[in-house]
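Text of the file upload_26.txt, holding compact mmCIF, C-alpha atoms:
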```txt
# COMPACT_ATOMS: atom_id res chain seq x y z
CA MET A 1 -59.66 -46.92 -5.83
CA SER A 2 -62.12 -48.61 -3.50
CA ALA A 3 -61.48 -50.82 -0.53
CA SER A 4 -63.44 -53.58 -2.27
CA PHE A 5 -60.95 -53.49 -5.16
CA LEU A 6 -58.01 -54.08 -2.86
CA LEU A 7 -59.80 -56.78 -0.89
CA LEU A 8 -60.63 -58.59 -4.11
CA GLN A 9 -56.98 -58.31 -5.13
CA ALA A 10 -55.89 -59.93 -1.91
CA VAL A 11 -58.33 -62.84 -2.31
CA SER A 12 -57.91 -63.37 -6.04
CA LEU A 13 -54.14 -63.11 -6.33
CA VAL A 14 -53.00 -64.83 -3.16
CA GLY A 15 -55.86 -66.90 -1.92
CA GLN A 16 -53.32 -69.49 -0.86
CA GLN A 17 -51.69 -67.10 1.60
CA ALA A 18 -52.89 -67.05 5.21
CA THR A 19 -52.77 -63.32 5.83
CA THR A 20 -52.73 -60.04 3.97
CA THR A 21 -51.93 -56.52 5.11
CA PRO A 22 -54.94 -54.28 5.86
CA ILE A 23 -55.78 -51.47 3.46
CA GLY A 24 -54.42 -48.15 4.64
CA THR A 25 -51.42 -49.69 6.40
CA ALA A 26 -48.38 -47.43 6.14
CA LYS A 27 -44.86 -48.04 7.39
CA VAL A 28 -41.59 -46.15 7.22
CA TRP A 29 -39.21 -48.83 5.96
CA GLY A 30 -36.15 -46.65 6.44
CA LYS A 31 -34.28 -43.50 5.50
CA ALA A 32 -31.15 -42.70 3.51
CA GLU A 33 -29.70 -39.55 1.95
CA GLY A 34 -32.31 -37.50 3.77
CA ILE A 35 -35.34 -39.19 2.22
CA SER A 36 -37.77 -41.49 4.02
CA ILE A 37 -39.06 -44.50 2.07
CA ILE A 38 -42.57 -45.47 3.10
CA GLY A 39 -44.77 -48.41 2.16
CA LEU A 40 -48.52 -47.95 1.82
CA VAL A 41 -51.32 -50.42 1.07
CA GLN A 42 -53.55 -48.36 -1.18
CA GLY A 43 -54.72 -48.03 -4.75
CA PRO A 44 -53.09 -45.21 -6.75
CA GLY A 45 -56.33 -43.32 -7.29
CA ALA A 46 -56.90 -43.07 -3.54
CA ALA A 47 -53.34 -42.14 -2.56
CA VAL A 48 -53.03 -38.66 -1.07
CA ALA A 49 -49.86 -36.79 -2.11
CA PRO A 50 -48.84 -33.68 -4.06
CA LEU A 51 -47.66 -35.96 -6.90
CA LEU A 52 -48.64 -39.44 -8.02
CA VAL A 53 -46.17 -41.31 -10.23
CA ALA A 54 -47.52 -44.23 -12.29
CA CYS A 55 -45.76 -46.46 -14.83
CA VAL A 56 -47.08 -47.71 -18.19
CA PHE A 57 -45.74 -49.87 -20.99
CA GLU A 58 -45.83 -49.00 -24.66
CA TYR A 59 -49.37 -49.25 -25.95
CA THR A 60 -50.88 -52.34 -27.50
CA GLU A 61 -54.59 -52.56 -28.27
CA GLY A 62 -56.63 -53.11 -25.11
CA ASP A 63 -53.52 -53.83 -23.08
CA ILE A 64 -54.75 -52.60 -19.70
CA PHE A 65 -58.18 -54.19 -20.15
CA ASN A 66 -57.50 -57.64 -21.59
CA PRO A 67 -55.60 -60.65 -20.18
CA PRO A 68 -52.86 -61.03 -19.11
CA ALA A 69 -53.65 -57.66 -17.48
CA LEU A 70 -55.50 -57.97 -14.20
CA PRO A 71 -59.30 -57.75 -14.39
CA ALA A 72 -60.69 -54.22 -14.21
CA ALA A 73 -61.84 -54.65 -10.60
CA LEU A 74 -58.25 -55.43 -9.60
CA ASN A 75 -56.38 -53.09 -11.93
CA GLY A 76 -55.04 -49.79 -10.59
CA MET A 77 -54.20 -48.42 -14.03
CA VAL A 78 -57.76 -49.09 -15.22
CA HIS A 79 -59.05 -47.14 -12.24
CA LEU A 80 -56.72 -44.23 -13.02
CA ASP A 81 -57.84 -44.28 -16.65
CA GLN A 82 -61.49 -44.32 -15.65
CA ALA A 83 -60.96 -41.45 -13.20
CA LEU A 84 -59.57 -39.41 -16.08
CA LYS A 85 -62.44 -40.46 -18.38
CA GLY A 86 -60.25 -42.64 -20.58
CA GLN A 87 -57.61 -40.02 -21.28
CA ILE A 88 -54.65 -42.21 -20.33
CA THR A 89 -55.75 -44.74 -22.94
CA GLU A 90 -56.44 -41.97 -25.49
CA LEU A 91 -52.99 -40.42 -24.97
CA ARG A 92 -51.31 -43.80 -25.39
CA LYS A 93 -53.47 -45.06 -28.26
CA SER A 94 -53.06 -41.84 -30.26
CA GLY A 95 -49.28 -41.82 -29.82
CA LYS A 96 -49.29 -38.53 -27.91
CA PHE A 97 -47.61 -40.46 -25.11
CA GLU A 98 -45.97 -43.62 -26.39
CA GLY A 99 -44.64 -45.00 -23.13
CA HIS A 100 -41.08 -45.47 -24.35
CA TYR A 101 -38.63 -46.38 -21.61
CA LEU A 102 -38.20 -43.38 -19.27
CA GLU A 103 -40.49 -41.16 -21.36
CA THR A 104 -42.47 -38.89 -19.03
CA LEU A 105 -45.72 -36.95 -19.18
CA LEU A 106 -47.05 -34.65 -16.45
CA ILE A 107 -50.84 -34.42 -16.17
CA THR A 108 -52.96 -32.07 -14.07
CA PRO A 109 -56.18 -34.06 -13.46
CA PRO A 110 -59.54 -32.30 -13.11
CA LYS A 111 -60.18 -31.28 -9.52
CA GLY A 112 -61.41 -34.23 -7.50
CA ALA A 113 -60.60 -36.87 -10.13
CA LEU A 114 -57.69 -38.20 -8.08
CA LYS A 115 -56.49 -37.59 -4.54
CA ALA A 116 -53.21 -36.31 -6.00
CA PRO A 117 -53.38 -32.96 -7.85
CA ARG A 118 -50.71 -34.01 -10.35
CA LEU A 119 -50.00 -37.29 -12.12
CA LEU A 120 -46.66 -38.17 -13.70
CA LEU A 121 -46.60 -41.06 -16.17
CA ILE A 122 -43.26 -42.81 -16.73
CA GLY A 123 -42.84 -45.19 -19.66
CA LEU A 124 -41.53 -48.71 -19.20
CA GLY A 125 -41.04 -49.46 -22.89
CA ASP A 126 -41.78 -52.80 -24.52
CA ARG A 127 -43.44 -55.15 -22.02
CA HIS A 128 -41.60 -58.10 -23.58
CA GLN A 129 -38.25 -56.50 -22.81
CA PHE A 130 -39.00 -55.66 -19.18
CA ASN A 131 -36.59 -56.64 -16.43
CA ALA A 132 -36.41 -55.53 -12.81
CA ASP A 133 -33.06 -53.75 -13.24
CA MET A 134 -34.79 -51.13 -15.37
CA MET A 135 -36.63 -49.91 -12.28
CA ILE A 136 -33.48 -48.35 -10.84
CA SER A 137 -33.57 -45.72 -13.59
CA VAL A 138 -37.35 -45.39 -13.27
CA GLY A 139 -36.99 -44.61 -9.57
CA ALA A 140 -34.31 -42.03 -10.33
CA VAL A 141 -36.51 -40.33 -12.92
CA ALA A 142 -39.39 -40.21 -10.43
CA LEU A 143 -37.24 -38.44 -7.84
CA ARG A 144 -35.72 -35.99 -10.32
CA GLU A 145 -39.08 -35.07 -11.82
CA ALA A 146 -40.53 -34.58 -8.35
CA SER A 147 -37.61 -32.25 -7.59
CA HIS A 148 -38.17 -30.31 -10.81
CA ILE A 149 -41.87 -29.95 -10.05
CA GLY A 150 -41.01 -28.64 -6.61
CA VAL A 151 -42.85 -31.11 -4.36
CA THR A 152 -41.34 -32.48 -1.17
CA SER A 153 -43.05 -35.88 -1.38
CA PHE A 154 -44.60 -38.21 -3.92
CA VAL A 155 -46.38 -41.54 -4.21
CA PHE A 156 -45.10 -44.19 -6.62
CA ALA A 157 -47.13 -46.95 -8.30
CA SER A 158 -45.22 -49.32 -10.56
CA ASP A 159 -48.43 -50.86 -12.01
CA ILE A 160 -46.36 -53.75 -13.40
CA LYS A 161 -48.55 -56.51 -12.00
CA ASP A 162 -51.63 -54.61 -13.24
CA ALA A 163 -50.23 -55.02 -16.74
CA GLY A 164 -49.98 -58.79 -16.25
CA ILE A 165 -46.21 -58.93 -15.84
CA ASP A 166 -45.14 -61.53 -13.27
CA SER A 167 -42.42 -59.35 -11.77
CA PRO A 168 -40.30 -60.11 -8.67
CA THR A 169 -41.93 -57.84 -6.09
CA ALA A 170 -39.04 -57.44 -3.65
CA LEU A 171 -36.50 -56.80 -6.40
CA VAL A 172 -38.70 -54.26 -8.19
CA ALA A 173 -39.43 -52.36 -4.97
CA GLY A 174 -35.78 -52.49 -3.98
CA ASN A 175 -34.59 -51.23 -7.34
CA VAL A 176 -37.09 -48.37 -7.35
CA THR A 177 -35.77 -47.46 -3.91
CA LYS A 178 -32.16 -47.59 -5.10
CA GLY A 179 -32.98 -45.27 -7.99
CA ILE A 180 -34.76 -42.82 -5.72
CA ILE A 181 -31.89 -42.71 -3.22
CA ASN A 182 -29.22 -42.44 -5.93
CA ALA A 183 -31.05 -39.51 -7.50
CA CYS A 184 -31.60 -37.93 -4.09
CA ARG A 185 -27.86 -38.12 -3.47
CA THR A 186 -27.23 -36.28 -6.74
CA GLN A 187 -29.86 -33.65 -5.90
CA ARG A 188 -28.25 -33.06 -2.52
CA TYR A 189 -24.91 -32.52 -4.23
CA LEU A 190 -26.44 -30.01 -6.64
CA GLN A 191 -28.10 -28.16 -3.78
CA GLN A 192 -24.88 -28.01 -1.80
CA HIS A 193 -23.15 -26.47 -4.81
CA HIS A 194 -26.00 -24.02 -5.48
CA LEU A 195 -26.91 -25.78 -8.72
CA ALA A 196 -30.46 -26.72 -7.76
CA PRO A 197 -33.27 -25.28 -5.63
CA ALA A 198 -32.83 -25.86 -1.91
CA LYS A 199 -36.26 -27.48 -1.47
CA PRO A 200 -35.55 -31.24 -1.27
CA VAL A 201 -37.83 -34.24 -1.65
CA ILE A 202 -37.97 -35.77 1.82
CA LYS A 203 -40.52 -38.57 1.43
CA ALA A 204 -41.29 -41.21 -1.19
CA THR A 205 -44.21 -43.59 -0.67
CA LEU A 206 -44.26 -46.87 -2.60
CA LEU A 207 -47.70 -48.40 -3.06
CA ALA A 208 -48.34 -52.12 -2.68
CA GLY A 209 -51.38 -54.37 -2.70
CA PRO A 210 -52.38 -56.17 0.53
CA ALA A 211 -50.71 -59.38 -0.64
CA PHE A 212 -47.38 -57.78 -1.49
CA PHE A 213 -46.76 -55.23 1.27
CA GLU A 214 -44.36 -57.26 3.40
CA ILE A 215 -42.36 -58.72 0.51
CA ALA A 216 -42.02 -55.26 -1.03
CA GLY A 217 -40.86 -53.98 2.34
CA GLU A 218 -38.14 -56.61 2.47
CA GLY A 219 -36.81 -55.40 -0.86
CA ILE A 220 -37.00 -51.76 0.20
CA GLN A 221 -35.15 -52.40 3.46
CA ALA A 222 -32.43 -54.36 1.68
CA ALA A 223 -31.99 -51.50 -0.79
CA ILE A 224 -31.79 -48.91 2.00
CA ALA A 225 -29.25 -51.05 3.85
CA SER A 226 -26.97 -50.95 0.80
CA PHE A 227 -26.49 -47.21 1.32
CA HIS A 228 -24.15 -45.88 3.98
CA PRO A 229 -24.52 -44.34 6.41
CA LEU A 230 -27.95 -45.75 7.16
CA THR A 231 -30.24 -43.68 9.37
CA PRO A 232 -32.24 -45.92 11.72
CA THR A 233 -36.00 -45.60 11.71
CA HIS A 234 -37.73 -45.01 15.05
CA GLU A 235 -41.40 -45.86 15.07
```
If you took the structure in this file and wrote it as structure tokens, what would it be?
Amino acid sequence: MSASFLLLQAVSLVGQQATTTPIGTAKVWGKAEGISIIGLVQGPGAAVAPLLVACVFEYTEGDIFNPPALPAALNGMVHLDQALKGQITELRKSGKFEGHYLETLLITPPKGALKAPRLLLIGLGDRHQFNADMMISVGAVALREASHIGVTSFVFASDIKDAGIDSPTALVAGNVTKGIINACRTQRYLQQHHLAPAKPVIKATLLAGPAFFEIAGEGIQAAIASFHPLTPTHE
């Protein structure tokens, strides 16, 4: 996803705000249960990681292209779909991937299509039934699938605002973080009891647009603080 896309997002969505966070900004918001939670201002198609996780609702005709979805120039899911030559839409429209809540699909994109060599789609279900609490389970699924795949880090894009859902940014980011840390705690237990491979996930990067980086970070830090003991972050 281009820099111009993210700059347009900053201007169009929060023109009333005085400042936005520069593209490419990354920050370690904290660490718990052995995993660092990082914020990054970047579009999903440009995020570099061994695994990209993106969320989608159940399909309705033209849902990622038509209002209330964000315009194509501002829409990360549209950019992912275009990078894969429309295959995300085709999979959803044909019912091969229906996007039911917590349904998953692992895709290996053509070389060079995305910066990440693998893409995991996680379903969010019916857009009209969405609430932020659901993202705790979504975060847990992301961590567990990353563990199963065998990567030590992943990038997470909720894509909720792309779909036109006016979601509470801090709460969504915080709940994703809670799910990731809860699942990491379970994975650590399994590893300690020789019930899972010893290769842990040690880093999860949550993407945010320039306008939402700081508010997402507040939610992430609050979520990390709810786990004890808390490992301080030294920058």
message: List as a count of residues only the protein and nucleic acid residues near Lys85 (chain A), meaning an atom at most 12 Å away when all atoms listed in the file are counted, but skip any in the same chain fewer than 6 places from it.
response: 7
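Between CA of His128 (chain A) and CA of Asp166 (chain A) the interatomic distance comes to 11.4 Å.
Between CA of Glu90 (chain A) and CA of Gly76 (chain A) the separation is 16.9 Å.
Closest to Arg188 (chain A) among A:Ile64, A:Gly34, A:Thr20, A:Ile215 is A:Gly34, based on all atoms listed in the file.
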query: Mind pulling up the distance from CA of Leu206 (chain A) to CA of Asp81 (chain A)?
result: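 Spanning CA of Asp81 (chain A) to CA of Leu206 (chain A) is a straight-line distance of 19.7 Å.
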query: From the set A:Ala222, A:Ile23, A:Leu70, A:Ile35, which residue has the shortest atom-to-atom contact distance to Thr205 (chain A), counting all atoms listed in the file?
result: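 Using all atoms listed in the file, Thr205 (chain A) sits closest to A:Ile35.
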- prompt: Which polymer residues have any atom within 9 Å of an atom of Cys55 (chain A), counting only C-alpha atoms, with same-chain residues fewer than 6 positions away left out, as a list in words?
  reply: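 Within the cut-off, the hits are Met77, Gly99, Leu120, Leu121, Ile122, Gly123, Leu124, Val138, Phe156, Ala157, Ser158, Asp159 and Ile160 of chain A.
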task: Give as a list in words every residue, naming chains and numbers as the document does, that has an atom within 6 Å of (-45.9, -47.7, 4.1), counting all atoms listed in the file.
output: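 Result, sorted by chain then residue number: Ala26, Lys27, Val28, Ile38, Gly39 and Leu40 of chain A.
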task: Considering all atoms listed in the file, state which residue in the set A:Thr152, A:Gln192, A:Ser137, A:Gln129 is at the smallest distance from Lys178 (chain A).
output: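 That would be A:Ser137, the residue with the smallest distance to Lys178 (chain A).
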Got a sec: who's within 12 Å of Ile220 (chain A), counting all atoms listed in the file, leaving out chain neighbours fewer than 2 positions off, as an mmCIF file with C-alpha atoms, in the coordinates of the input?
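And here is the file that came out, part31.cif:
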```cif
data_model
loop_
_atom_site.group_PDB
_atom_site.id
_atom_site.type_symbol
_atom_site.label_atom_id
_atom_site.label_comp_id
_atom_site.auth_asym_id
_atom_site.auth_seq_id
_atom_site.Cartn_x
_atom_site.Cartn_y
_atom_site.Cartn_z
ATOM 1 C CA LYS A 27 -44.860 -48.040 7.390
ATOM 2 C CA VAL A 28 -41.590 -46.150 7.220
ATOM 3 C CA TRP A 29 -39.210 -48.830 5.960
ATOM 4 C CA GLY A 30 -36.150 -46.650 6.440
ATOM 5 C CA LYS A 31 -34.280 -43.500 5.500
ATOM 6 C CA ALA A 32 -31.150 -42.700 3.510
ATOM 7 C CA SER A 36 -37.770 -41.490 4.020
ATOM 8 C CA ILE A 37 -39.060 -44.500 2.070
ATOM 9 C CA ILE A 38 -42.570 -45.470 3.100
ATOM 10 C CA GLY A 39 -44.770 -48.410 2.160
ATOM 11 C CA THR A 169 -41.930 -57.840 -6.090
ATOM 12 C CA ALA A 170 -39.040 -57.440 -3.650
ATOM 13 C CA LEU A 171 -36.500 -56.800 -6.400
ATOM 14 C CA VAL A 172 -38.700 -54.260 -8.190
ATOM 15 C CA ALA A 173 -39.430 -52.360 -4.970
ATOM 16 C CA GLY A 174 -35.780 -52.490 -3.980
ATOM 17 C CA ASN A 175 -34.590 -51.230 -7.340
ATOM 18 C CA VAL A 176 -37.090 -48.370 -7.350
ATOM 19 C CA THR A 177 -35.770 -47.460 -3.910
ATOM 20 C CA LYS A 178 -32.160 -47.590 -5.100
ATOM 21 C CA GLY A 179 -32.980 -45.270 -7.990
ATOM 22 C CA ILE A 180 -34.760 -42.820 -5.720
ATOM 23 C CA ILE A 181 -31.890 -42.710 -3.220
ATOM 24 C CA ALA A 204 -41.290 -41.210 -1.190
ATOM 25 C CA THR A 205 -44.210 -43.590 -0.670
ATOM 26 C CA LEU A 206 -44.260 -46.870 -2.600
ATOM 27 C CA LEU A 207 -47.700 -48.400 -3.060
ATOM 28 C CA ALA A 208 -48.340 -52.120 -2.680
ATOM 29 C CA PHE A 213 -46.760 -55.230 1.270
ATOM 30 C CA GLU A 214 -44.360 -57.260 3.400
ATOM 31 C CA ILE A 215 -42.360 -58.720 0.510
ATOM 32 C CA ALA A 216 -42.020 -55.260 -1.030
ATOM 33 C CA GLY A 217 -40.860 -53.980 2.340
ATOM 34 C CA GLU A 218 -38.140 -56.610 2.470
ATOM 35 C CA ALA A 222 -32.430 -54.360 1.680
ATOM 36 C CA ALA A 223 -31.990 -51.500 -0.790
ATOM 37 C CA ILE A 224 -31.790 -48.910 2.000
ATOM 38 C CA ALA A 225 -29.250 -51.050 3.850
ATOM 39 C CA SER A 226 -26.970 -50.950 0.800
ATOM 40 C CA PHE A 227 -26.490 -47.210 1.320
#
```
